[in-house]
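A short worksheet on the structure shown next.
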Amino acid sequence: MNPAKRFEIFSRFRAANPHPTTELDYTTPFELLIAVLLSAQATDVGVNKATRRLYPVANTPAAILALGIDELKSYIQTIGLYHTKAKNVMATCQMLIDLHGGEVPHSREALEALPGVGRKTANVVLNTAFGDPTIAVDTHIFRVSNRTGIAPGKDVVVVEQKLLKFVPKEFLQDAHHWLILHGRYTCIARKPLCWNCMIADLCEYKAKTPAPALK
């Protein structure tokens with residue numbers, strides 16, 4: 001895909017959604033960090049249901065530690081892998097207090113050192129909480145990048161590196177959200193909604209899905 005196509009793709013995304021953001025509910029960097037940590041192999045809708053109950057009761061590292069792990073589990077038990085996630089949340093809260101004064105660090109290295117926080121989670125926090133031009137490649141972004149030809153790659157790290165290289169700088173801050181939303185609602189996994197896609201004429205996916213027949 002050539003630079004002109006990429007520029008037009010992201011221009012259309014921006015025109016349709018000038019201020020995209022995460023669909024996870026949060027009001028502080030800490031709330032975002034915990035929500036993203038809980039969202040692995042879970043839906044944003046499911047995470048939001050849990051955090052809407054949890055955060056009014058405990059939304060700081062100290063408050064969650066004060067709850068204790070069993071009480072924390074009672075709030076997040078509707079989310080997949082909640083036993084492991086509860087352990088990671090508790091350990092993360094302890095590290096934030098011990099090493100960072102209870103604040104979420106603005107550092108990739110420090111974020112990735114937290115239990116349950118990998119590169120993808122760190123990128124989401126850096127981008128959404130701190131405004132860094134990072135791109136967290138999840139299944140949606142990986143699929144859209146490869147299917148459209150925007151930034152094809154065999155694994156998430158290659159796709160991330162290509163996106164950082166190929167996405168025009170003026171769009172980098174919001175590219176993460178546009179690509180996720182496009183993959184979540186239009187360029188879906190099994191049958192992409194190509195007939196209803198704002199970038200269909202620019203996309204290099206050959207097996208485009210035709211519009212469903214009118215009944």
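Labels for the structure tokens follow display order: chains A, B, ..., residues from 1 in each chain, ligands from 1.
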Please run DSSP on the backbone and report, as number ranges by chain, all residues within segment 8-180 of chain A that come out as helix (DSSP H, G or I). A: 8-16, 29-38, 44-54, 61-67, 69-76, 82-100, 108-112, 119-128, 139-148, 156-166, 169-180
Give me, as a Markdown table, the closest atom pair and its distance (Å, one decimal) for every residue of segment 98-160 of chain A within a cut-off of 8 Å of segment 190-207 of chain A, counting only C-alpha atoms, rows sorted by chain and rising number.
```
| residue | atom | partner | partner_atom | distance |
| --- | --- | --- | --- | --- |
| A:Arg147 | CA | A:Tyr205 | CA | 5.5 |
| A:Thr148 | CA | A:Cys203 | CA | 4.7 |
| A:Gly149 | CA | A:Glu204 | CA | 5.7 |
```
For Val144 of chain A: contacts at 10 Å, only C-alpha atoms, fewer than 6 positions along chain excluded, given as a list in words: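 With the cut-off at 10 Å, the set is Ile150, Ala151, Pro152, Leu179, Ile180, His182, Gly183, Arg184, Thr186, Cys187, Ile188, Ala189, Pro192, Cys203 and Tyr205 of chain A.
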Between atom CA of Ala62 of chain A and atom CA of Gln94 of chain A, measure the distance and give it in Å to one decimal.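 One can read the atom CA of Ala62 of chain A to atom CA of Gln94 of chain A distance as 8.0 Å.
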Name all residues at most 7 Å from segment 76-81 of chain A (count only C-alpha atoms; drop same-chain ones fewer than 2 positions away) and give them as a ChimeraX atom specification. /A:41-42,46-47,50,72-74,83-85
Proximity of segment 40-127 of chain A to segment 17-30 of chain A: per-residue shortest pair, 7 Å limit, only C-alpha atoms, as CSV:
```
residue,atom,partner,partner_atom,distance
A:Asp44,CA,A:Leu24,CA,5.6
A:Asn48,CA,A:Asp25,CA,5.9
A:Thr60,CA,A:Phe30,CA,6.8
A:Val104,CA,A:Phe30,CA,5.9
```
Could you write out the selected residues, including C-alpha atoms, as a PDB file, in the first residue's frame?
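Okay, this is what ended up in part-v9.pdb:
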```pdb
ATOM      1  CA  ASP A  44     -14.987  -4.079  27.234  1.00  0.00           C
ATOM      2  CA  ASN A  48     -17.196  -2.007  32.418  1.00  0.00           C
ATOM      3  CA  THR A  60      -6.817   3.483  44.150  1.00  0.00           C
ATOM      4  CA  VAL A 104       0.855   4.844  37.494  1.00  0.00           C
TER       5      VAL A 104
END
```
Could you produce a table of the residues of segment 105-180 of chain A lying within 8 Å of segment 1-11 of chain A, with the nearest pair of atoms per residue and their separation in Å rounded to one decimal, using only C-alpha atoms, ordered by chain and increasing residue number, as CSV?
```
residue,atom,partner,partner_atom,distance
A:Gly149,CA,A:Met1,CA,6.0
A:Ile150,CA,A:Met1,CA,6.2
A:Phe166,CA,A:Pro3,CA,7.4
A:Val167,CA,A:Arg6,CA,6.9
A:Pro168,CA,A:Phe7,CA,6.5
A:Phe171,CA,A:Phe10,CA,6.7
A:Ala175,CA,A:Phe10,CA,7.5
```
Store the residues picked out above in a file with N, CA and C atoms, as a PDB file, in the first residue's frame.
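Once everything was written out, this is part_32.pdb:
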```
ATOM      1  N   GLY A 149      -3.969  -4.265   4.126  1.00  0.00           N
ATOM      2  CA  GLY A 149      -2.670  -3.969   3.543  1.00  0.00           C
ATOM      3  C   GLY A 149      -2.014  -2.729   4.130  1.00  0.00           C
ATOM      4  N   ILE A 150      -2.635  -2.127   5.156  1.00  0.00           N
ATOM      5  CA  ILE A 150      -2.064  -0.930   5.773  1.00  0.00           C
ATOM      6  C   ILE A 150      -0.685  -1.218   6.353  1.00  0.00           C
ATOM      7  N   PHE A 166       4.628   3.538   9.158  1.00  0.00           N
ATOM      8  CA  PHE A 166       3.837   3.889   7.974  1.00  0.00           C
ATOM      9  C   PHE A 166       2.682   4.864   8.227  1.00  0.00           C
ATOM     10  N   VAL A 167       2.115   4.862   9.441  1.00  0.00           N
ATOM     11  CA  VAL A 167       0.985   5.772   9.697  1.00  0.00           C
ATOM     12  C   VAL A 167       1.521   7.207   9.726  1.00  0.00           C
ATOM     13  N   PRO A 168       0.933   8.109   8.931  1.00  0.00           N
ATOM     14  CA  PRO A 168       1.395   9.498   8.943  1.00  0.00           C
ATOM     15  C   PRO A 168       1.361  10.080  10.362  1.00  0.00           C
ATOM     16  N   PHE A 171      -1.622  11.349  12.416  1.00  0.00           N
ATOM     17  CA  PHE A 171      -2.679  10.418  12.793  1.00  0.00           C
ATOM     18  C   PHE A 171      -2.240   9.420  13.864  1.00  0.00           C
ATOM     19  N   ALA A 175      -4.554   6.592  15.864  1.00  0.00           N
ATOM     20  CA  ALA A 175      -4.620   5.430  14.971  1.00  0.00           C
ATOM     21  C   ALA A 175      -5.051   4.165  15.707  1.00  0.00           C
TER      22      ALA A 175
END
```
Suppose you want the space between atom CA of Asp132 of chain A and atom CA of Glu112 of chain A; what is it in Å?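 According to the coordinates, atom CA of Asp132 of chain A and atom CA of Glu112 of chain A are separated by 15.6 Å.
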Within 12 Å of segment 100-103 of chain A, which residues of segment 48-74 of chain A come that close, and what is the closest atom pair and distance in Å for each? Count only C-alpha atoms and give it as JSON lines.
```
{"residue": "A:Asn59", "atom": "CA", "partner": "A:Gly102", "partner_atom": "CA", "distance": 11.4}
{"residue": "A:Thr60", "atom": "CA", "partner": "A:Gly102", "partner_atom": "CA", "distance": 7.7}
{"residue": "A:Pro61", "atom": "CA", "partner": "A:Gly102", "partner_atom": "CA", "distance": 6.2}
{"residue": "A:Ala62", "atom": "CA", "partner": "A:Gly102", "partner_atom": "CA", "distance": 7.6}
{"residue": "A:Ala63", "atom": "CA", "partner": "A:Gly102", "partner_atom": "CA", "distance": 10.6}
{"residue": "A:Ile64", "atom": "CA", "partner": "A:Gly102", "partner_atom": "CA", "distance": 11.5}
{"residue": "A:Leu65", "atom": "CA", "partner": "A:Gly102", "partner_atom": "CA", "distance": 11.4}
```
Export of prior selection with C-alpha atoms as a compact mmCIF listing (two decimals), in the first residue's frame:
```
# COMPACT_ATOMS: atom_id res chain seq x y z
CA ASN A 59 -10.33 3.00 42.74
CA THR A 60 -6.82 3.48 44.15
CA PRO A 61 -4.04 0.97 44.84
CA ALA A 62 -4.43 1.42 48.61
CA ALA A 63 -8.21 1.01 48.50
CA ILE A 64 -8.03 -2.19 46.43
CA LEU A 65 -5.37 -3.64 48.74
```
Work out how far atom CA of Pro115 of chain A is from atom CA of Ala86 of chain A, in Å to one decimal. 10.6 Å
Selection near Phe142 of chain A, 8 Å with only C-alpha atoms, sequence-local residues under 6 positions removed, as a ChimeraX atom specification: /A:155-156,159
Counting only C-alpha atoms, closest pick from A:Gly68, A:Pro56, A:Pro105, A:Pro210 relative to Val125 of chain A is A:Pro105
When distances are computed from only C-alpha atoms, which of A:Leu214, A:Ile135, A:Val36, A:Leu181 shows the smallest separation from Ala16 of chain A?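 Answer, going by the shortest atom-to-atom distance: A:Leu181.
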